[in-house]
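Q: Contents of protein03.txt (compact mmCIF, C-alpha atoms) are given next:
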```
# COMPACT_ATOMS: atom_id res chain seq x y z
CA MET A 310 -1.33 -166.22 -41.47
CA VAL A 311 0.07 -167.47 -38.16
CA MET A 312 3.60 -166.54 -39.19
CA ALA A 313 2.45 -163.00 -40.03
CA TYR A 314 1.40 -162.48 -36.41
CA VAL A 315 4.58 -164.16 -35.12
CA TRP A 316 6.83 -161.94 -37.25
CA VAL A 317 5.05 -158.66 -36.47
CA GLY A 318 4.91 -159.73 -32.81
CA MET A 319 8.68 -160.28 -32.75
CA LEU A 320 9.31 -156.80 -34.17
CA VAL A 321 6.88 -155.06 -31.82
CA LEU A 322 8.39 -156.91 -28.88
CA SER A 323 11.92 -155.87 -29.79
CA VAL A 324 10.99 -152.19 -30.25
CA PHE A 325 9.09 -152.29 -26.97
CA SER A 326 11.92 -153.88 -25.01
CA SER A 327 14.52 -151.56 -26.58
CA LEU A 328 12.49 -148.60 -25.31
CA LEU A 329 12.29 -150.26 -21.91
CA LYS A 330 16.04 -150.88 -21.73
CA GLY A 331 17.05 -147.72 -23.61
CA SER A 332 18.86 -149.84 -26.19
CA PHE A 333 17.10 -148.56 -29.33
CA GLY A 334 20.41 -147.50 -30.92
CA THR A 335 21.25 -151.16 -31.42
CA LEU A 336 18.14 -152.02 -33.43
CA SER A 337 19.09 -150.73 -36.90
CA PRO A 338 22.56 -152.32 -36.95
CA ALA A 339 21.03 -155.55 -35.61
CA LEU A 340 18.48 -155.82 -38.37
CA MET A 341 21.08 -155.34 -41.09
CA GLU A 342 23.30 -157.93 -39.38
CA GLY A 343 20.42 -160.38 -39.10
CA ALA A 344 19.60 -160.14 -42.79
CA SER A 345 23.18 -160.76 -43.86
CA ALA A 346 23.64 -163.51 -41.26
CA ALA A 347 20.73 -165.31 -42.95
CA ILE A 348 22.52 -165.21 -46.31
CA THR A 349 25.78 -166.44 -44.74
CA LEU A 350 23.86 -169.30 -43.10
CA SER A 351 22.02 -170.12 -46.34
CA LEU A 352 25.27 -170.21 -48.30
CA SER A 353 26.95 -172.53 -45.85
CA LEU A 354 23.83 -174.73 -45.83
CA ALA A 355 23.57 -174.75 -49.62
CA GLY A 356 26.74 -176.76 -50.26
CA ALA A 357 26.01 -179.50 -47.75
CA LEU A 358 22.33 -179.68 -48.65
CA CYS A 359 23.18 -179.96 -52.36
CA LEU A 360 25.70 -182.74 -51.67
CA TRP A 361 23.46 -184.63 -49.29
CA SER A 362 20.38 -184.41 -51.52
CA GLY A 363 22.57 -185.91 -54.24
CA VAL A 364 23.62 -188.81 -52.00
CA ALA A 365 19.99 -189.27 -50.96
CA ARG A 366 18.98 -189.53 -54.63
CA VAL A 367 21.62 -192.23 -55.14
CA MET A 368 20.18 -194.16 -52.14
CA GLU A 369 16.73 -193.91 -53.69
CA ARG A 370 17.83 -195.01 -57.19
CA ALA A 371 19.78 -197.94 -55.78
CA GLY A 372 16.64 -199.16 -54.04
CA LEU A 373 18.04 -198.71 -50.54
CA SER A 374 14.87 -197.10 -49.17
CA LYS A 375 12.82 -200.02 -50.51
CA LYS A 376 15.20 -202.44 -48.83
CA LEU A 377 14.99 -200.59 -45.54
CA ALA A 378 11.19 -200.48 -45.83
CA HIS A 379 11.16 -204.23 -46.34
CA LEU A 380 13.37 -204.82 -43.30
CA MET A 381 11.00 -202.82 -41.11
CA ARG A 382 7.86 -204.75 -42.04
CA PRO A 383 7.83 -207.06 -39.00
CA VAL A 384 7.91 -204.03 -36.69
CA PHE A 385 5.06 -202.43 -38.60
CA ARG A 386 2.91 -205.55 -38.38
CA ARG A 387 3.02 -205.18 -34.60
CA LEU A 388 2.52 -201.40 -34.50
CA PHE A 389 -0.13 -201.20 -37.23
CA PRO A 390 -2.09 -204.47 -37.16
CA ASN A 391 -5.01 -203.09 -39.22
CA ALA A 392 -3.10 -201.13 -41.85
CA SER A 393 -0.58 -203.93 -42.37
CA ARG A 394 -3.34 -206.17 -43.68
CA ASP A 395 -3.68 -203.75 -46.60
CA GLU A 396 -0.80 -203.96 -49.08
CA ALA A 397 -1.09 -200.30 -50.27
CA ALA A 398 -1.26 -198.83 -46.75
CA MET A 399 1.68 -200.97 -45.64
CA GLY A 400 3.70 -199.82 -48.66
CA TYR A 401 3.10 -196.12 -47.95
CA LEU A 402 3.74 -196.55 -44.23
CA SER A 403 7.08 -198.26 -44.60
CA ALA A 404 8.15 -195.88 -47.40
CA ASN A 405 7.29 -192.92 -45.14
CA VAL A 406 9.27 -194.16 -42.16
CA SER A 407 12.28 -195.34 -44.17
CA ALA A 408 12.44 -191.97 -46.00
CA ASN A 409 12.33 -190.22 -42.62
CA LEU A 410 15.14 -192.39 -41.28
CA MET A 411 17.36 -191.51 -44.22
CA GLY A 412 16.55 -187.81 -43.90
CA LEU A 413 14.59 -187.63 -47.17
CA GLY A 414 11.96 -185.24 -45.84
CA ASN A 415 10.72 -184.39 -49.33
CA ALA A 416 10.00 -188.02 -50.12
CA ALA A 417 8.58 -188.79 -46.68
CA THR A 418 5.75 -186.24 -46.66
CA PRO A 419 3.82 -187.41 -49.78
CA MET A 420 4.19 -191.05 -48.61
CA GLY A 421 2.86 -190.15 -45.16
CA ILE A 422 -0.10 -188.27 -46.65
CA ASN A 423 -0.86 -191.25 -48.91
CA ALA A 424 -0.69 -193.56 -45.89
CA VAL A 425 -3.19 -191.43 -43.94
CA LYS A 426 -5.46 -191.20 -47.02
CA ARG A 427 -5.41 -194.97 -47.46
CA MET A 428 -6.08 -195.54 -43.74
CA LYS A 429 -9.01 -193.14 -43.98
CA VAL A 430 -10.47 -195.14 -46.90
CA LEU A 431 -10.08 -198.30 -44.81
CA SER A 432 -11.79 -196.79 -41.76
CA GLY A 433 -14.44 -194.91 -43.77
CA SER A 434 -14.67 -192.07 -41.23
CA GLU A 435 -13.38 -188.51 -40.81
CA THR A 436 -12.15 -189.24 -37.30
CA ALA A 437 -8.48 -190.14 -36.81
CA THR A 438 -7.97 -193.82 -36.05
CA ASP A 439 -5.53 -195.05 -33.40
CA GLU A 440 -3.10 -196.10 -36.11
CA MET A 441 -3.25 -192.65 -37.77
CA CYS A 442 -2.35 -191.02 -34.44
CA LEU A 443 0.55 -193.44 -34.10
CA LEU A 444 1.82 -192.54 -37.57
CA ILE A 445 1.57 -188.83 -36.74
CA VAL A 446 3.55 -189.30 -33.55
CA MET A 447 6.24 -191.27 -35.39
CA ASN A 448 6.52 -188.42 -37.90
CA THR A 449 6.49 -185.50 -35.46
CA ALA A 450 9.07 -187.17 -33.21
CA SER A 451 11.61 -187.06 -36.07
CA ILE A 452 13.52 -190.31 -36.35
CA GLN A 453 16.47 -189.31 -38.49
CA LEU A 454 19.71 -191.27 -38.67
CA LEU A 455 21.79 -188.45 -40.17
CA PRO A 456 20.67 -184.92 -39.23
CA THR A 457 22.79 -183.31 -41.96
CA THR A 458 21.19 -179.84 -41.81
CA VAL A 459 21.99 -179.43 -38.11
CA ALA A 460 25.51 -180.74 -38.60
CA THR A 461 26.01 -178.12 -41.32
CA VAL A 462 24.77 -175.32 -39.08
CA ARG A 463 27.16 -176.55 -36.39
CA ALA A 464 30.05 -176.56 -38.87
CA ALA A 465 29.17 -173.01 -39.93
CA ALA A 466 29.15 -171.95 -36.26
CA GLY A 467 32.67 -173.33 -35.81
CA ALA A 468 32.05 -176.73 -34.18
CA SER A 469 35.22 -178.83 -33.95
CA ALA A 470 33.41 -182.06 -34.91
CA PRO A 471 29.97 -181.18 -36.36
CA PHE A 472 28.76 -184.80 -36.36
CA ASP A 473 29.73 -185.63 -32.78
CA ILE A 474 26.15 -184.93 -31.68
CA LEU A 475 24.95 -188.04 -33.57
CA PRO A 476 24.73 -190.44 -30.58
CA ALA A 477 22.91 -187.76 -28.57
CA VAL A 478 20.46 -187.17 -31.44
CA TRP A 479 19.83 -190.91 -31.78
CA ILE A 480 19.21 -191.42 -28.06
CA THR A 481 16.99 -188.33 -27.88
CA SER A 482 14.95 -189.35 -30.93
CA LEU A 483 14.55 -192.89 -29.65
CA CYS A 484 13.31 -191.63 -26.28
CA SER A 485 10.87 -189.17 -27.82
CA VAL A 486 9.44 -191.72 -30.27
CA THR A 487 9.05 -194.23 -27.44
CA ALA A 488 7.40 -191.61 -25.23
CA GLY A 489 5.09 -190.65 -28.12
CA ILE A 490 4.05 -194.24 -28.80
CA LEU A 491 3.49 -194.90 -25.08
CA ALA A 492 1.48 -191.67 -24.75
CA ALA A 493 -0.62 -192.66 -27.76
CA LYS A 494 -1.32 -196.10 -26.26
CA LEU A 495 -2.13 -194.59 -22.86
CA LEU A 496 -4.47 -191.93 -24.25
CA ARG A 497 -6.13 -194.56 -26.41
CA GLY A 498 -6.69 -196.84 -23.43
CA ARG A 499 -8.18 -194.05 -21.32
CA ARG A 500 -10.75 -193.18 -24.00
CA LYS A 501 -11.72 -196.80 -24.39
CA HIS A 502 -12.70 -197.09 -20.72
CA ALA A 503 -14.33 -193.65 -20.55
CA MET B 327 34.39 -194.43 -35.74
CA LEU B 328 32.07 -191.46 -35.98
CA ASP B 329 34.65 -189.52 -37.99
CA LEU B 330 34.57 -192.19 -40.67
CA LEU B 331 30.81 -192.73 -40.64
CA ILE B 332 29.78 -190.03 -43.11
CA PRO B 333 32.49 -190.69 -45.74
CA LEU B 334 31.88 -194.45 -45.41
CA ILE B 335 28.14 -194.03 -45.95
CA MET B 336 28.78 -191.95 -49.07
CA ILE B 337 31.26 -194.45 -50.49
CA GLY B 338 29.16 -197.46 -49.51
CA VAL B 339 26.00 -196.07 -51.06
CA SER B 340 27.82 -195.13 -54.27
CA ILE B 341 29.48 -198.54 -54.68
CA PHE B 342 26.20 -200.32 -53.91
CA ALA B 343 24.44 -198.21 -56.55
CA LEU B 344 27.22 -198.81 -59.09
CA ALA B 345 26.96 -202.54 -58.50
CA ARG B 346 23.29 -202.23 -59.36
CA LYS B 347 24.24 -200.54 -62.65
CA GLN B 348 22.92 -197.12 -61.59
CA ASP B 349 24.40 -193.93 -63.03
CA VAL B 350 25.59 -192.62 -59.69
CA TYR B 351 26.93 -189.34 -61.00
CA SER B 352 23.77 -188.23 -62.77
CA ALA B 353 21.73 -189.23 -59.69
CA LEU B 354 24.03 -187.04 -57.58
CA LEU B 355 23.51 -184.09 -59.92
CA ASP B 356 19.74 -184.61 -60.07
CA GLY B 357 19.42 -184.79 -56.31
CA GLY B 358 21.81 -181.88 -55.84
CA ARG B 359 19.65 -179.71 -58.08
CA ASP B 360 16.63 -180.46 -55.87
CA GLY B 361 18.66 -179.70 -52.75
CA LEU B 362 19.58 -176.27 -54.12
CA LYS B 363 15.94 -175.58 -55.01
CA LEU B 364 14.98 -176.49 -51.46
CA ILE B 365 17.50 -174.10 -49.90
CA ALA B 366 16.50 -171.34 -52.34
CA SER B 367 12.89 -171.76 -51.26
CA ILE B 368 13.70 -171.20 -47.58
CA VAL B 369 16.19 -168.31 -47.98
CA PRO B 370 13.55 -165.51 -47.86
CA ALA B 371 12.04 -166.99 -44.69
CA LEU B 372 15.48 -167.27 -43.10
CA VAL B 373 16.28 -163.62 -43.93
CA MET B 374 13.02 -162.30 -42.44
CA LEU B 375 13.23 -164.49 -39.34
CA LEU B 376 16.93 -163.96 -38.59
CA THR B 377 16.39 -160.21 -38.95
CA ALA B 378 13.65 -160.45 -36.33
CA VAL B 379 15.75 -162.72 -34.09
CA HIS B 380 18.74 -160.33 -34.22
CA MET B 381 16.46 -157.41 -33.34
CA LEU B 382 15.02 -159.39 -30.44
CA ARG B 383 18.51 -160.21 -29.17
CA ALA B 384 19.90 -156.66 -29.60
CA SER B 385 16.89 -155.10 -27.89
CA GLY B 386 17.34 -157.34 -24.86
CA ALA B 387 13.96 -159.00 -25.37
CA ILE B 388 15.51 -162.48 -25.54
CA ASP B 389 17.40 -161.89 -22.27
CA LEU B 390 14.18 -160.68 -20.70
CA LEU B 391 12.27 -163.74 -21.90
CA THR B 392 15.08 -166.01 -20.72
CA GLN B 393 15.04 -164.48 -17.23
CA LEU B 394 11.28 -164.71 -17.13
CA LEU B 395 11.28 -168.39 -18.06
CA ALA B 396 14.29 -169.36 -15.94
CA PRO B 397 12.24 -170.81 -13.02
CA LEU B 398 10.28 -172.98 -15.46
CA SER B 399 13.45 -174.18 -17.17
CA ARG B 400 14.98 -175.20 -13.84
CA VAL B 401 11.98 -177.45 -13.19
CA VAL B 402 12.31 -179.35 -16.48
CA GLY B 403 16.12 -179.21 -16.59
CA ILE B 404 16.44 -177.34 -19.89
CA PRO B 405 18.91 -174.40 -20.14
CA ALA B 406 16.81 -171.20 -20.06
CA GLU B 407 18.69 -169.83 -23.09
CA THR B 408 17.27 -172.60 -25.30
CA LEU B 409 13.64 -171.99 -24.29
CA PRO B 410 12.94 -169.60 -27.20
CA LEU B 411 13.92 -172.49 -29.49
CA VAL B 412 11.65 -174.89 -27.58
CA LEU B 413 8.74 -172.45 -27.94
CA ILE B 414 9.11 -171.90 -31.70
CA ARG B 415 10.13 -175.44 -32.74
CA PRO B 416 6.66 -177.04 -33.03
CA PHE B 417 5.35 -174.19 -35.22
CA SER B 418 7.98 -173.26 -37.79
CA GLY B 419 10.98 -175.14 -39.13
CA SER B 420 12.76 -172.11 -40.59
CA ALA B 421 12.16 -170.03 -37.44
CA ALA B 422 13.63 -172.87 -35.37
CA LEU B 423 16.64 -172.98 -37.68
CA ALA B 424 17.04 -169.21 -37.31
CA VAL B 425 16.80 -169.28 -33.49
CA GLY B 426 18.96 -172.42 -33.22
CA SER B 427 21.75 -171.09 -35.41
CA ASP B 428 21.66 -167.80 -33.49
CA LEU B 429 22.15 -169.75 -30.23
CA MET B 430 25.08 -171.71 -31.70
CA LEU B 431 26.75 -168.51 -32.95
CA THR B 432 26.08 -166.50 -29.78
CA TYR B 433 27.22 -169.11 -27.25
CA GLY B 434 29.51 -171.21 -29.47
CA ALA B 435 28.71 -174.44 -31.31
CA ASP B 436 30.63 -176.54 -28.78
CA SER B 437 29.18 -174.85 -25.69
CA LEU B 438 26.55 -176.61 -23.60
CA ILE B 439 23.84 -174.28 -24.90
CA GLY B 440 25.00 -174.63 -28.52
CA ARG B 441 25.07 -178.42 -28.28
CA THR B 442 21.68 -178.57 -26.57
CA ALA B 443 20.21 -176.40 -29.34
CA ALA B 444 21.75 -178.61 -32.04
CA ILE B 445 20.48 -181.85 -30.47
CA MET B 446 17.01 -180.31 -30.07
CA LEU B 447 16.97 -179.24 -33.73
CA GLY B 448 18.15 -182.64 -34.91
CA SER B 449 15.76 -184.76 -32.91
CA THR B 450 12.45 -182.90 -33.08
CA GLU B 451 10.06 -181.90 -35.85
CA THR B 452 7.68 -179.09 -36.77
CA THR B 453 4.85 -180.85 -34.95
CA PHE B 454 1.86 -178.59 -35.67
CA TYR B 455 2.85 -178.18 -39.29
CA THR B 456 3.19 -181.94 -39.77
CA ILE B 457 -0.16 -182.66 -38.14
CA SER B 458 -1.98 -180.03 -40.20
CA VAL B 459 -0.39 -181.19 -43.48
CA TYR B 460 -1.04 -184.91 -42.93
CA PHE B 461 -4.57 -184.67 -41.57
CA GLY B 462 -5.48 -181.70 -43.79
CA ALA B 463 -4.43 -183.36 -47.03
CA ALA B 464 -6.19 -186.59 -46.11
CA GLY B 465 -9.37 -184.82 -44.97
CA VAL B 466 -9.30 -186.12 -41.41
CA LYS B 467 -11.35 -183.70 -39.27
CA LYS B 468 -11.22 -185.11 -35.74
CA THR B 469 -7.59 -185.49 -34.63
CA ARG B 470 -8.43 -187.04 -31.21
CA TYR B 471 -5.29 -187.47 -29.10
CA ALA B 472 -2.74 -186.96 -31.92
CA ILE B 473 -1.72 -183.47 -30.72
CA PRO B 474 -1.26 -184.25 -26.99
CA ALA B 475 0.65 -187.46 -27.81
CA ALA B 476 2.92 -185.61 -30.26
CA LEU B 477 3.54 -182.83 -27.73
CA ILE B 478 4.47 -185.37 -25.04
CA ALA B 479 6.99 -186.82 -27.50
CA ASP B 480 8.35 -183.31 -28.18
CA LEU B 481 8.70 -182.47 -24.50
CA THR B 482 10.54 -185.76 -23.91
CA GLY B 483 12.82 -184.84 -26.81
CA PHE B 484 13.65 -181.40 -25.39
CA VAL B 485 14.39 -182.74 -21.90
CA MET B 486 16.46 -185.64 -23.26
CA ALA B 487 18.38 -183.25 -25.55
CA ALA B 488 19.38 -181.17 -22.52
CA LEU B 489 20.39 -184.31 -20.58
CA CYS B 490 22.40 -185.76 -23.47
CA ALA B 491 24.19 -182.45 -24.08
CA LYS B 492 25.19 -182.36 -20.42
CA TYR B 493 26.28 -185.94 -19.85
CA LEU B 494 27.23 -187.38 -23.24
```
Represent the structure contained in this file as structure tokens.
A:
Amino acid sequence: MVMAYVWVGMLVLSVFSSLLKGSFGTLSPALMEGASAAITLSLSLAGALCLWSGVARVMERAGLSKKLAHLMRPVFRRLFPNASRDEAAMGYLSANVSANLMGLGNAATPMGINAVKRMKVLSGSETATDEMCLLIVMNTASIQLLPTTVATVRAAAGASAPFDILPAVWITSLCSVTAGILAAKLLRGRRKHA
Amino acid sequence: MLDLLIPLIMIGVSIFALARKQDVYSALLDGGRDGLKLIASIVPALVMLLTAVHMLRASGAIDLLTQLLAPLSRVVGIPAETLPLVLIRPFSGSAALAVGSDLMLTYGADSLIGRTAAIMLGSTETTFYTISVYFGAAGVKKTRYAIPAALIADLTGFVMAALCAKYL
């Protein structure tokens, strides 16, 4: 329902501001352009997304995500001391983060939900635990090694080297994950003393 | 180095999978089919949202919003033109894609604004959607500090994206 209000709001706003600026002649051509621009964008995304989903499936079949998950275990033991004592929770957690890293959003979401479900069983309460909040932050901060969708949009918009934003994306993601984890620790600490 | 990264990853992954006796080609086709299904599922949303975004831009509403938010953007160091993207990003992935691609096409993919938009898109997530899906599916009712912590991470991401686009 939220998107219904957003969409209608966007249309009302544009009609309103076109009346204000006297630019209402531009609205009809703009809406036709917008609709066909979406199809052009979708078509240019389709090829790269098809290719990259294929490569991602190969990574999965070859057991690369499992390997990556295994490599990350020591980090998880520090970040999630409670959940890492439980084999199932640890499995879901590392699968979630490794799928995110490789850009397998479709595989990451069910694993993340399973991880939260398992953590809820362990805590036996309907209140989010500190470790659940940490997992949420790590998921919302998007730690993706290869942002292929964005690179494709850049290519479609005529970028000379669509992937040259990679270092910037890595640095930005690293900073936002770090800030998220620090914020989670800080907010946790404050509540404890309150 | 970066130019070779993507082809090398593809070749490396394929050879590794072959060495493990995996049918690489059928895995590629299987995954590719899922990728096409995914894009097909977001096409209607992209059409509706890009239509709205183009109307907003043509009517001058986006310029108006940009001017209105310019003082705020100077404080945090984010180009005012990318603020519509910042505002929509936590709520809807396809809307963010629509606004982001519109920015790249309007100002150029290699312009400062286009690059900032791309870095923002690549390094942030649909925060509110993720939180509601994860906690909703697991039946967690009290989210405590998850939302503020996630929003702090997002804000850091937006500011860092602007900095990286400028200096990297």
Q: Define the interface residues of chain A facing chain B as those within 6 Å, counting all atoms listed in the file, and report them as a PyMOL selection string.
A: chain A and resi 323+326-327+332+335-336+339-340+343-344+347+358-360+362-364+366-367+371+422+426+435-437+442+446+449-451+456+459+463+466+468+477-478+481-482+485+488-489+492-493
Q: Go through A:Met441, A:Val406, A:Trp361, A:Pro419 and flag the residue nearest A:Asn391, using all atoms listed in the file for the distances.
A: A:Met441
Q: Which one is closest to A:Thr461: A:Ser337, A:Asn409, A:Ser351, A:Thr438? Count only C-alpha atoms.
A: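 Between A:Ser337, A:Asn409, A:Ser351, A:Thr438, the residue approaching A:Thr461 most closely is A:Ser351.
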Q: Go ahead and compute the interatomic distance for atom CA of B:Leu411 and atom CA of B:Val425, in Å to one decimal.
A: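 Distance between the two atoms: 5.9 Å.
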Q: One decimal, in Å: what's the spacing between atom CA of A:Val317 and atom CA of B:Gly419?
A: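 Atom-to-atom, atom CA of A:Val317 to atom CA of B:Gly419, that is 17.7 Å.
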Q: For A:His379, please output as a list of chain:residue names all residues within 9 Å (counting all atoms listed in the file; exclusion window: fewer than 4 positions along the same chain).
A: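 The contact residues come out as A:Ser374, A:Lys375, A:Pro383, A:Gly400, A:Ser403, A:Ala404.
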Q: As a list in words, please: the residues near A:Leu388 (cut-off 10 Å, only C-alpha atoms, same-chain neighbours under 3 positions excluded).
A: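 Selected residues are Arg382, Pro383, Val384, Phe385, Asn391, Ala392, Ser393, Glu440, Leu443, Leu444 and Ile490 of chain A.
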Q: Between atom CA of A:Ala465 and atom CA of A:Asn448, what is the distance, to one decimal in Å?
A: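 Result for atom CA of A:Ala465 versus atom CA of A:Asn448: 27.5 Å, one decimal.
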Q: My structure is short of atoms at stretch 335-347 of chain A; please model N, CA and C atoms there, returning them as a PDB file, in the frame of the given file.
A:
```
ATOM      1  N   THR A 335      20.700-149.902 -30.912  1.00  0.00           N
ATOM      2  CA  THR A 335      21.250-151.160 -31.420  1.00  0.00           C
ATOM      3  C   THR A 335      20.342-151.816 -32.455  1.00  0.00           C
ATOM      4  N   LEU A 336      19.106-151.324 -32.587  1.00  0.00           N
ATOM      5  CA  LEU A 336      18.140-152.020 -33.430  1.00  0.00           C
ATOM      6  C   LEU A 336      18.503-152.003 -34.917  1.00  0.00           C
ATOM      7  N   SER A 337      18.801-150.805 -35.457  1.00  0.00           N
ATOM      8  CA  SER A 337      19.090-150.730 -36.900  1.00  0.00           C
ATOM      9  C   SER A 337      20.305-151.558 -37.289  1.00  0.00           C
ATOM     10  N   PRO A 338      21.443-151.445 -36.573  1.00  0.00           N
ATOM     11  CA  PRO A 338      22.560-152.320 -36.950  1.00  0.00           C
ATOM     12  C   PRO A 338      22.185-153.793 -36.843  1.00  0.00           C
ATOM     13  N   ALA A 339      21.384-154.155 -35.816  1.00  0.00           N
ATOM     14  CA  ALA A 339      21.030-155.550 -35.610  1.00  0.00           C
ATOM     15  C   ALA A 339      20.219-156.097 -36.762  1.00  0.00           C
ATOM     16  N   LEU A 340      19.320-155.273 -37.309  1.00  0.00           N
ATOM     17  CA  LEU A 340      18.480-155.820 -38.370  1.00  0.00           C
ATOM     18  C   LEU A 340      19.256-156.027 -39.662  1.00  0.00           C
ATOM     19  N   MET A 341      20.231-155.125 -39.908  1.00  0.00           N
ATOM     20  CA  MET A 341      21.080-155.340 -41.090  1.00  0.00           C
ATOM     21  C   MET A 341      21.943-156.586 -40.902  1.00  0.00           C
ATOM     22  N   GLU A 342      22.482-156.747 -39.684  1.00  0.00           N
ATOM     23  CA  GLU A 342      23.300-157.930 -39.380  1.00  0.00           C
ATOM     24  C   GLU A 342      22.497-159.208 -39.547  1.00  0.00           C
ATOM     25  N   GLY A 343      21.260-159.187 -39.036  1.00  0.00           N
ATOM     26  CA  GLY A 343      20.420-160.380 -39.100  1.00  0.00           C
ATOM     27  C   GLY A 343      20.191-160.798 -40.541  1.00  0.00           C
ATOM     28  N   ALA A 344      19.878-159.822 -41.396  1.00  0.00           N
ATOM     29  CA  ALA A 344      19.600-160.140 -42.790  1.00  0.00           C
ATOM     30  C   ALA A 344      20.828-160.751 -43.459  1.00  0.00           C
ATOM     31  N   SER A 345      22.017-160.181 -43.173  1.00  0.00           N
ATOM     32  CA  SER A 345      23.180-160.760 -43.860  1.00  0.00           C
ATOM     33  C   SER A 345      23.612-162.064 -43.212  1.00  0.00           C
ATOM     34  N   ALA A 346      23.340-162.223 -41.907  1.00  0.00           N
ATOM     35  CA  ALA A 346      23.640-163.510 -41.260  1.00  0.00           C
ATOM     36  C   ALA A 346      22.822-164.627 -41.907  1.00  0.00           C
ATOM     37  N   ALA A 347      21.590-164.305 -42.331  1.00  0.00           N
ATOM     38  CA  ALA A 347      20.730-165.310 -42.950  1.00  0.00           C
ATOM     39  C   ALA A 347      21.339-165.776 -44.271  1.00  0.00           C
TER      40      ALA A 347
END
```
